[in-house]
Each structure stands twice: as structure tokens, then as C-alpha cells.
>>> print(open('protein-v1.cif').read())   # mmCIF, C-alpha atoms
data_query
#
loop_
_atom_site.label_atom_id
_atom_site.label_comp_id
_atom_site.auth_asym_id
_atom_site.auth_seq_id
_atom_site.Cartn_x
_atom_site.Cartn_y
_atom_site.Cartn_z
CA MET A 178 -4.60 59.79 136.59
CA ILE A 179 -6.05 58.40 139.85
CA VAL A 180 -2.59 58.50 141.46
CA SER A 181 -2.19 62.16 140.42
CA LEU A 182 -5.56 63.08 141.95
CA SER A 183 -4.70 61.19 145.14
CA VAL A 184 -1.38 63.02 145.51
CA LEU A 185 -3.10 66.36 144.81
CA ALA A 186 -5.76 65.61 147.46
CA LEU A 187 -3.09 64.55 149.97
CA VAL A 188 -1.06 67.74 149.38
CA SER A 189 -4.20 69.87 149.67
CA PHE A 190 -5.16 68.36 153.03
CA ALA A 191 -1.59 68.61 154.32
CA ALA A 192 -1.45 72.29 153.37
CA CYS A 193 -4.69 73.00 155.27
CA LYS A 194 -3.56 71.25 158.45
CA LYS A 195 -3.51 73.64 161.38
CA SER A 196 -0.56 73.81 163.73
CA ASP A 197 -0.74 71.54 166.77
CA SER A 198 0.83 74.22 168.94
CA PRO A 199 -1.33 77.31 169.56
CA SER A 200 0.16 80.77 169.19
CA ASN A 201 1.59 81.94 172.50
CA THR A 202 1.53 85.67 171.89
CA ALA A 203 -0.67 88.63 172.74
CA ASN A 204 -0.91 91.83 170.70
CA VAL A 205 0.16 94.85 172.73
CA MET A 206 0.34 98.55 171.82
CA PHE A 207 2.64 100.80 173.86
CA VAL A 208 2.06 104.56 174.20
CA ASN A 209 4.25 107.25 175.77
CA GLY A 210 1.78 109.56 177.53
CA THR A 211 4.08 110.80 180.30
CA ALA A 212 4.26 114.59 180.26
CA GLY A 213 7.78 116.03 180.31
CA THR A 214 9.55 112.89 179.13
CA PRO A 215 12.14 112.67 176.44
CA ASN A 216 11.72 109.68 174.11
CA VAL A 217 11.32 106.26 175.70
CA ASP A 218 12.03 102.63 174.83
CA VAL A 219 9.73 99.82 175.92
CA THR A 220 10.99 96.49 177.21
CA ALA A 221 9.17 93.25 177.99
CA ASN A 222 11.15 91.09 180.42
CA SER A 223 14.24 93.25 179.73
CA THR A 224 14.04 92.77 175.93
CA LYS A 225 13.35 95.82 173.75
CA VAL A 226 10.00 95.61 172.00
CA PRO A 227 10.20 96.04 168.20
CA SER A 228 8.68 99.39 167.16
CA GLY A 229 8.62 100.32 170.85
CA THR A 230 11.88 102.24 170.72
CA ASN A 231 12.48 105.98 170.76
CA LEU A 232 8.77 106.76 171.32
CA ALA A 233 8.17 110.50 171.62
CA PHE A 234 5.50 111.95 173.92
CA LEU A 235 2.00 110.96 172.69
CA LYS A 236 3.41 108.43 170.20
CA GLY A 237 2.57 104.73 170.10
CA SER A 238 4.14 101.56 168.81
CA GLY A 239 1.19 100.00 167.01
CA TYR A 240 0.37 96.42 168.01
CA GLN A 241 3.41 94.27 168.75
CA SER A 242 3.56 90.52 169.46
CA VAL A 243 4.51 89.87 173.07
CA THR A 244 4.84 86.43 174.63
CA ALA A 245 1.69 85.57 176.60
CA GLY A 246 1.96 85.10 180.35
CA THR A 247 3.50 87.30 182.99
CA GLN A 248 5.69 90.06 181.60
CA ASN A 249 7.60 92.87 183.32
CA ILE A 250 6.89 95.89 181.11
CA ALA A 251 9.24 98.86 181.49
CA PHE A 252 9.38 102.31 179.90
CA VAL A 253 13.04 103.42 179.76
CA ILE A 254 14.35 106.89 178.88
CA THR A 255 16.06 106.28 175.53
CA SER A 256 18.95 108.73 175.88
CA LEU A 257 19.86 107.70 179.44
CA GLY A 258 18.85 104.04 179.67
CA THR A 259 17.17 105.02 182.95
CA PRO A 260 13.92 103.21 183.82
CA LEU A 261 10.97 105.60 183.95
CA LYS A 262 8.39 103.14 185.29
CA SER A 263 7.76 99.39 185.18
CA ALA A 264 4.91 97.02 186.03
CA SER A 265 4.27 93.31 185.88
CA THR A 266 1.16 92.11 184.12
CA SER A 267 -0.21 88.96 182.56
CA PHE A 268 -1.18 88.79 178.90
CA VAL A 269 -3.56 86.19 177.46
CA ALA A 270 -2.59 84.64 174.12
CA GLY A 271 -4.61 86.02 171.22
CA SER A 272 -5.87 89.06 173.17
CA HIS A 273 -5.15 92.74 172.47
CA TYR A 274 -3.90 95.25 175.04
CA SER A 275 -2.75 98.85 175.30
CA VAL A 276 -0.06 99.85 177.79
CA PHE A 277 0.24 103.57 178.51
CA ALA A 278 3.00 105.38 180.38
CA GLY A 279 1.15 108.27 182.03
CA GLY A 280 1.45 110.95 184.67
CA ILE A 281 4.39 113.33 184.66
CA ILE A 282 8.10 112.56 184.53
CA THR A 283 8.48 113.14 188.30
CA ASN A 284 5.54 110.84 189.13
CA PRO A 285 4.98 108.40 186.24
CA SER A 286 2.38 105.66 186.12
CA ILE A 287 1.44 102.75 183.88
CA VAL A 288 -2.13 102.07 182.74
CA ILE A 289 -2.90 98.71 181.12
CA THR A 290 -6.18 98.10 179.29
CA THR A 291 -7.67 95.13 177.47
CA ASP A 292 -8.74 96.26 174.01
CA ASP A 293 -12.11 95.34 172.53
CA LEU A 294 -11.58 95.24 168.78
CA THR A 295 -15.03 93.99 167.84
CA ALA A 296 -16.76 96.07 165.18
CA PRO A 297 -19.27 98.65 166.45
CA ALA A 298 -22.92 98.49 165.50
CA SER A 299 -23.73 99.77 162.03
CA GLY A 300 -23.73 103.57 161.96
CA SER A 301 -21.81 103.79 165.26
CA ALA A 302 -18.20 104.24 166.29
CA LYS A 303 -16.21 103.14 169.33
CA ILE A 304 -14.27 105.76 171.26
CA ARG A 305 -12.01 105.04 174.22
CA PHE A 306 -10.99 107.66 176.78
CA ILE A 307 -7.97 106.99 178.99
CA ASN A 308 -7.17 109.33 181.89
CA LEU A 309 -3.37 109.36 182.19
CA SER A 310 -3.30 112.14 184.77
CA ASN A 311 -1.58 111.19 188.02
CA ASP A 312 -3.87 113.34 190.16
CA SER A 313 -7.26 112.37 191.55
CA LEU A 314 -9.35 114.63 189.34
CA SER A 315 -12.47 113.08 187.87
CA GLU A 316 -12.85 113.60 184.17
CA THR A 317 -16.09 113.77 182.21
CA ALA A 318 -16.18 113.13 178.48
CA ASN A 319 -19.12 114.13 176.34
CA VAL A 320 -19.72 113.13 172.75
#
>>> encode(input="protein-v1.cif", output="C-alpha cells")
Amino acid sequence: MIVSLSVLALVSFAACKKSDSPSNTANVMFVNGTAGTPNVDVTANSTKVPSGTNLAFLKGSGYQSVTAGTQNIAFVITSLGTPLKSASTSFVAGSHYSVFAGGIITNPSIVITTDDLTAPASGSAKIRFINLSNDSLSETANV
């Protein structure tokens, strides 16, 4: 009986042991916001991002795991394999980001934001506005 309890306790503690190696990924959402584009694929260091393929205008990938550290992010026109725009950025493990392709097809841009996913105060909501226009117009948002 004592041996059985000892084995059960040992298995329980072993099952609860946390990994010695921390996760080395960040959570990144990719959005095609470039006016006039056909569908795009997203690559991180030349590797297609799962759920980041064939993204239509104004569509997003949902959060995807991307290796933390410096990554070259590229939006590529799906049907042609032609790069639309790329940028290098650094992702911190465990953090959340959104990467937007913006502007217009003849003058694309990339906007990268760190996402704050903490819950809003009770009775409130969080809203994020991203200006993906490639001109210098100032935008005002009222709620």
C-alpha cells in the first residue's frame, strides 16, 4: 500500500514538472490590408506561415506561432509568387503581434504592432484603430 502511494506521488510530481526549455515562439496575426491586391501568402524567413496563405483583401490569419527573434516577414502575391513587401522585425517569445500589409498595391507598406490582450475594465471594451493608408493624412476616430 505504501509503495503504491509512493509511486502515485512520484508519477503525479513528474507529470506536473514544467519544461526546462522555455517556449521560443511569439503569436503573430497577419492581415492583408493592401488595396488593389489579389490574395497574398505570408512568409517568415522564407517559410510560408500556416493559415497565412491565400489571404484576400481585409482577411487575417488569426494568431500563428512564429519563432521568436529576428524574422524577415514578407507578403507575397499568391498567384504570381511575387513579393509585395517585406520587413525585418524582432518578436519576443510569449508576446502577441499583428502584422498588416497596408497602402495600395503600387506603394505597399507593412505596419507591425504589439498587441495588448489584457482584459478591459469591467463594462468597457478595447478598440484598436490602425491607419493603413500610405498617404500623410491624419485620421481622427471618435467613439
>>> residues_around(input="protein-v1.cif", residues="stretch 212-223 of chain A", least_positions_apart="6", cutoff="6 Å", atoms="all atoms listed in the file", output="JSON, numbers by chain")
{"A": [229, 230, 231, 232, 233, 248, 249, 250, 251, 252, 253, 254, 255, 281, 282]}
>>> atom_distance(input="protein-v1.cif", atom1="atom CA of A:Ser315", atom2="atom CA of A:Tyr274")
23.6 Å
>>> residues_around(input="protein-v1.cif", residues="A:Val269", least_positions_apart="2", cutoff="7 Å", atoms="only C-alpha atoms", output="ChimeraX atom specification")
/A:203,245-246,267,271-272
>>> atom_distance(input="protein-v1.cif", atom1="atom CA of A:Asp312", atom2="atom CA of A:Thr259")
23.7 Å
>>> closest_residue(input="protein-v1.cif", among="A:Val205, A:Ala318, A:Val226, A:Val276", to="A:Ile289", atoms="only C-alpha atoms")
A:Val276
>>> atom_distance(input="protein-v1.cif", atom1="atom CA of A:Val320", atom2="atom CA of A:Pro285")
28.5 Å
>>> closest_residue(input="protein-v1.cif", among="A:Ser200, A:Asn311, A:Ser263, A:Asn319", to="A:Gly279", atoms="all atoms listed in the file")
A:Asn311
>>> axis_aligned_box(input="protein-v1.cif", around="stretch 204-211 of chain A", padding_each_side="4 Å", output="JSON")
{"center_x": 1.7, "center_y": 101.3, "center_z": 175.5, "size_x": 13.2, "size_y": 27.0, "size_z": 17.6}
>>> residues_around(input="protein-v1.cif", residues="A:Thr202", least_positions_apart="3", cutoff="6 Å", atoms="only C-alpha atoms", output="ChimeraX atom specification")
/A:242-245,270
>>> closest_residue(input="protein-v1.cif", among="A:Leu294, A:Ala264, A:Val208, A:Val288", to="A:Lys236", atoms="all atoms listed in the file")
A:Val208
>>> residues_around(input="protein-v1.cif", residues="A:Ser228", least_positions_apart="4", cutoff="8 Å", atoms="all atoms listed in the file", output="MDAnalysis selection string")
chainID A and resid 238:239 241
>>> decode(input="protein-v1.cif", residues="stretch 178-319 of chain A", atoms="C-alpha atoms", output="PDB file, in the first residue's frame")
ATOM      1  CA  MET A 178       0.000   0.000   0.000  1.00  0.00           C
ATOM      2  CA  ILE A 179       2.763   2.475   0.952  1.00  0.00           C
ATOM      3  CA  VAL A 180       4.710   1.540  -2.200  1.00  0.00           C
ATOM      4  CA  SER A 181       1.594   2.185  -4.334  1.00  0.00           C
ATOM      5  CA  LEU A 182       1.087   5.620  -2.772  1.00  0.00           C
ATOM      6  CA  SER A 183       4.772   6.457  -3.251  1.00  0.00           C
ATOM      7  CA  VAL A 184       4.649   5.517  -6.944  1.00  0.00           C
ATOM      8  CA  LEU A 185       1.414   7.511  -7.386  1.00  0.00           C
ATOM      9  CA  ALA A 186       3.010  10.560  -5.713  1.00  0.00           C
ATOM     10  CA  LEU A 187       6.149  10.218  -7.860  1.00  0.00           C
ATOM     11  CA  VAL A 188       4.104   9.988 -11.073  1.00  0.00           C
ATOM     12  CA  SER A 189       1.984  12.976 -10.027  1.00  0.00           C
ATOM     13  CA  PHE A 190       5.039  15.164  -9.408  1.00  0.00           C
ATOM     14  CA  ALA A 191       6.692  14.025 -12.642  1.00  0.00           C
ATOM     15  CA  ALA A 192       3.551  14.887 -14.610  1.00  0.00           C
ATOM     16  CA  CYS A 193       3.483  18.407 -13.131  1.00  0.00           C
ATOM     17  CA  LYS A 194       7.137  19.131 -13.899  1.00  0.00           C
ATOM     18  CA  LYS A 195       7.480  22.114 -16.193  1.00  0.00           C
ATOM     19  CA  SER A 196       9.732  22.026 -19.219  1.00  0.00           C
ATOM     20  CA  ASP A 197      13.297  23.213 -18.648  1.00  0.00           C
ATOM     21  CA  SER A 198      13.343  24.907 -22.044  1.00  0.00           C
ATOM     22  CA  PRO A 199      11.056  27.944 -22.390  1.00  0.00           C
ATOM     23  CA  SER A 200       8.827  28.304 -25.425  1.00  0.00           C
ATOM     24  CA  ASN A 201      10.635  30.195 -28.165  1.00  0.00           C
ATOM     25  CA  THR A 202       7.637  31.432 -30.117  1.00  0.00           C
ATOM     26  CA  ALA A 203       5.590  34.589 -30.429  1.00  0.00           C
ATOM     27  CA  ASN A 204       1.945  34.742 -31.514  1.00  0.00           C
ATOM     28  CA  VAL A 205       1.524  36.777 -34.680  1.00  0.00           C
ATOM     29  CA  MET A 206      -1.585  37.649 -36.706  1.00  0.00           C
ATOM     30  CA  PHE A 207      -1.138  38.638 -40.364  1.00  0.00           C
ATOM     31  CA  VAL A 208      -3.658  40.837 -42.213  1.00  0.00           C
ATOM     32  CA  ASN A 209      -3.860  41.753 -45.910  1.00  0.00           C
ATOM     33  CA  GLY A 210      -4.924  45.413 -45.904  1.00  0.00           C
ATOM     34  CA  THR A 211      -3.285  46.456 -49.182  1.00  0.00           C
ATOM     35  CA  ALA A 212      -5.874  47.960 -51.519  1.00  0.00           C
ATOM     36  CA  GLY A 213      -5.891  46.519 -55.036  1.00  0.00           C
ATOM     37  CA  THR A 214      -4.051  43.309 -54.196  1.00  0.00           C
ATOM     38  CA  PRO A 215      -5.019  39.850 -55.244  1.00  0.00           C
ATOM     39  CA  ASN A 216      -4.648  37.238 -52.491  1.00  0.00           C
ATOM     40  CA  VAL A 217      -1.327  37.072 -50.658  1.00  0.00           C
ATOM     41  CA  ASP A 218       0.772  34.488 -48.829  1.00  0.00           C
ATOM     42  CA  VAL A 219       2.826  35.383 -45.766  1.00  0.00           C
ATOM     43  CA  THR A 220       6.330  34.070 -45.157  1.00  0.00           C
ATOM     44  CA  ALA A 221       8.589  34.283 -42.111  1.00  0.00           C
ATOM     45  CA  ASN A 222      12.247  33.819 -43.070  1.00  0.00           C
ATOM     46  CA  SER A 223      11.118  32.444 -46.465  1.00  0.00           C
ATOM     47  CA  THR A 224       8.842  29.780 -44.923  1.00  0.00           C
ATOM     48  CA  LYS A 225       5.083  30.029 -45.532  1.00  0.00           C
ATOM     49  CA  VAL A 226       3.148  30.752 -42.357  1.00  0.00           C
ATOM     50  CA  PRO A 227       0.341  28.241 -41.644  1.00  0.00           C
ATOM     51  CA  SER A 228      -3.073  29.894 -42.145  1.00  0.00           C
ATOM     52  CA  GLY A 229      -1.236  32.832 -43.723  1.00  0.00           C
ATOM     53  CA  THR A 230      -1.771  31.631 -47.276  1.00  0.00           C
ATOM     54  CA  ASN A 231      -4.153  32.915 -49.920  1.00  0.00           C
ATOM     55  CA  LEU A 232      -5.313  35.842 -47.736  1.00  0.00           C
ATOM     56  CA  ALA A 233      -7.845  38.009 -49.554  1.00  0.00           C
ATOM     57  CA  PHE A 234      -8.002  41.788 -49.054  1.00  0.00           C
ATOM     58  CA  LEU A 235      -9.092  42.608 -45.462  1.00  0.00           C
ATOM     59  CA  LYS A 236      -8.652  38.995 -44.321  1.00  0.00           C
ATOM     60  CA  GLY A 237      -6.400  37.826 -41.498  1.00  0.00           C
ATOM     61  CA  SER A 238      -4.669  34.650 -40.451  1.00  0.00           C
ATOM     62  CA  GLY A 239      -5.602  34.515 -36.783  1.00  0.00           C
ATOM     63  CA  TYR A 240      -2.683  34.139 -34.373  1.00  0.00           C
ATOM     64  CA  GLN A 241       0.115  31.895 -35.632  1.00  0.00           C
ATOM     65  CA  SER A 242       3.208  30.671 -33.773  1.00  0.00           C
ATOM     66  CA  VAL A 243       6.347  32.265 -35.172  1.00  0.00           C
ATOM     67  CA  THR A 244       9.856  31.645 -33.867  1.00  0.00           C
ATOM     68  CA  ALA A 245      10.928  34.476 -31.565  1.00  0.00           C
ATOM     69  CA  GLY A 246      13.860  36.659 -32.594  1.00  0.00           C
ATOM     70  CA  THR A 247      14.538  38.480 -35.828  1.00  0.00           C
ATOM     71  CA  GLN A 248      12.287  37.426 -38.687  1.00  0.00           C
ATOM     72  CA  ASN A 249      12.024  38.663 -42.272  1.00  0.00           C
ATOM     73  CA  ILE A 250       8.268  38.899 -42.847  1.00  0.00           C
ATOM     74  CA  ALA A 251       7.103  39.036 -46.472  1.00  0.00           C
ATOM     75  CA  PHE A 252       3.708  39.364 -48.124  1.00  0.00           C
ATOM     76  CA  VAL A 253       3.826  37.574 -51.497  1.00  0.00           C
ATOM     77  CA  ILE A 254       1.197  37.690 -54.258  1.00  0.00           C
ATOM     78  CA  THR A 255      -0.187  34.140 -54.209  1.00  0.00           C
ATOM     79  CA  SER A 256      -0.860  33.717 -57.931  1.00  0.00           C
ATOM     80  CA  LEU A 257       2.498  35.141 -59.062  1.00  0.00           C
ATOM     81  CA  GLY A 258       4.891  34.315 -56.231  1.00  0.00           C
ATOM     82  CA  THR A 259       5.985  37.963 -56.494  1.00  0.00           C
ATOM     83  CA  PRO A 260       6.942  39.707 -53.239  1.00  0.00           C
ATOM     84  CA  LEU A 261       4.590  42.584 -52.434  1.00  0.00           C
ATOM     85  CA  LYS A 262       6.504  43.968 -49.440  1.00  0.00           C
ATOM     86  CA  SER A 263       8.833  42.648 -46.744  1.00  0.00           C
ATOM     87  CA  ALA A 264      10.272  43.892 -43.459  1.00  0.00           C
ATOM     88  CA  SER A 265      12.561  42.576 -40.758  1.00  0.00           C
ATOM     89  CA  THR A 266      11.364  42.718 -37.187  1.00  0.00           C
ATOM     90  CA  SER A 267      12.111  41.117 -33.859  1.00  0.00           C
ATOM     91  CA  PHE A 268       9.497  39.137 -31.947  1.00  0.00           C
ATOM     92  CA  VAL A 269       9.680  38.459 -28.204  1.00  0.00           C
ATOM     93  CA  ALA A 270       8.755  34.950 -27.053  1.00  0.00           C
ATOM     94  CA  GLY A 271       5.299  34.787 -25.476  1.00  0.00           C
ATOM     95  CA  SER A 272       4.193  38.166 -26.869  1.00  0.00           C
ATOM     96  CA  HIS A 273       1.384  38.856 -29.353  1.00  0.00           C
ATOM     97  CA  TYR A 274       1.719  40.935 -32.520  1.00  0.00           C
ATOM     98  CA  SER A 275      -0.269  41.979 -35.566  1.00  0.00           C
ATOM     99  CA  VAL A 276       1.446  42.496 -38.919  1.00  0.00           C
ATOM    100  CA  PHE A 277      -0.555  44.408 -41.532  1.00  0.00           C
ATOM    101  CA  ALA A 278       0.203  44.817 -45.227  1.00  0.00           C
ATOM    102  CA  GLY A 279      -1.166  48.282 -45.990  1.00  0.00           C
ATOM    103  CA  GLY A 280      -1.146  51.050 -48.561  1.00  0.00           C
ATOM    104  CA  ILE A 281      -2.010  50.319 -52.173  1.00  0.00           C
ATOM    105  CA  ILE A 282      -0.573  47.694 -54.496  1.00  0.00           C
ATOM    106  CA  THR A 283       1.680  50.268 -56.227  1.00  0.00           C
ATOM    107  CA  ASN A 284       3.031  51.584 -52.903  1.00  0.00           C
ATOM    108  CA  PRO A 285       2.611  48.910 -50.213  1.00  0.00           C
ATOM    109  CA  SER A 286       3.713  49.194 -46.601  1.00  0.00           C
ATOM    110  CA  ILE A 287       3.958  46.981 -43.538  1.00  0.00           C
ATOM    111  CA  VAL A 288       2.696  48.040 -40.097  1.00  0.00           C
ATOM    112  CA  ILE A 289       3.705  45.947 -37.086  1.00  0.00           C
ATOM    113  CA  THR A 290       2.017  46.404 -33.708  1.00  0.00           C
ATOM    114  CA  THR A 291       2.433  44.773 -30.314  1.00  0.00           C
ATOM    115  CA  ASP A 292      -0.971  43.556 -29.137  1.00  0.00           C
ATOM    116  CA  ASP A 293      -2.237  44.163 -25.612  1.00  0.00           C
ATOM    117  CA  LEU A 294      -4.555  41.264 -24.858  1.00  0.00           C
ATOM    118  CA  THR A 295      -5.254  42.143 -21.236  1.00  0.00           C
ATOM    119  CA  ALA A 296      -8.944  42.271 -20.360  1.00  0.00           C
ATOM    120  CA  PRO A 297     -10.534  45.741 -20.345  1.00  0.00           C
ATOM    121  CA  ALA A 298     -12.040  47.203 -17.203  1.00  0.00           C
ATOM    122  CA  SER A 299     -15.479  45.885 -16.320  1.00  0.00           C
ATOM    123  CA  GLY A 300     -18.145  47.481 -18.511  1.00  0.00           C
ATOM    124  CA  SER A 301     -15.554  48.670 -21.070  1.00  0.00           C
ATOM    125  CA  ALA A 302     -14.204  47.408 -24.369  1.00  0.00           C
ATOM    126  CA  LYS A 303     -10.860  47.806 -26.119  1.00  0.00           C
ATOM    127  CA  ILE A 304     -10.842  49.092 -29.689  1.00  0.00           C
ATOM    128  CA  ARG A 305      -7.747  49.435 -31.848  1.00  0.00           C
ATOM    129  CA  PHE A 306      -7.547  51.692 -34.898  1.00  0.00           C
ATOM    130  CA  ILE A 307      -4.787  51.107 -37.452  1.00  0.00           C
ATOM    131  CA  ASN A 308      -4.223  53.604 -40.275  1.00  0.00           C
ATOM    132  CA  LEU A 309      -3.029  51.552 -43.259  1.00  0.00           C
ATOM    133  CA  SER A 310      -3.175  54.458 -45.687  1.00  0.00           C
ATOM    134  CA  ASN A 311       0.131  55.222 -47.390  1.00  0.00           C
ATOM    135  CA  ASP A 312      -0.517  58.968 -47.544  1.00  0.00           C
ATOM    136  CA  SER A 313       0.175  61.508 -44.819  1.00  0.00           C
ATOM    137  CA  LEU A 314      -3.432  62.238 -43.905  1.00  0.00           C
ATOM    138  CA  SER A 315      -4.192  62.425 -40.204  1.00  0.00           C
ATOM    139  CA  GLU A 316      -7.146  60.372 -39.129  1.00  0.00           C
ATOM    140  CA  THR A 317      -9.455  61.053 -36.204  1.00  0.00           C
ATOM    141  CA  ALA A 318     -11.550  58.299 -34.666  1.00  0.00           C
ATOM    142  CA  ASN A 319     -14.472  59.033 -32.391  1.00  0.00           C
TER     143      ASN A 319
END
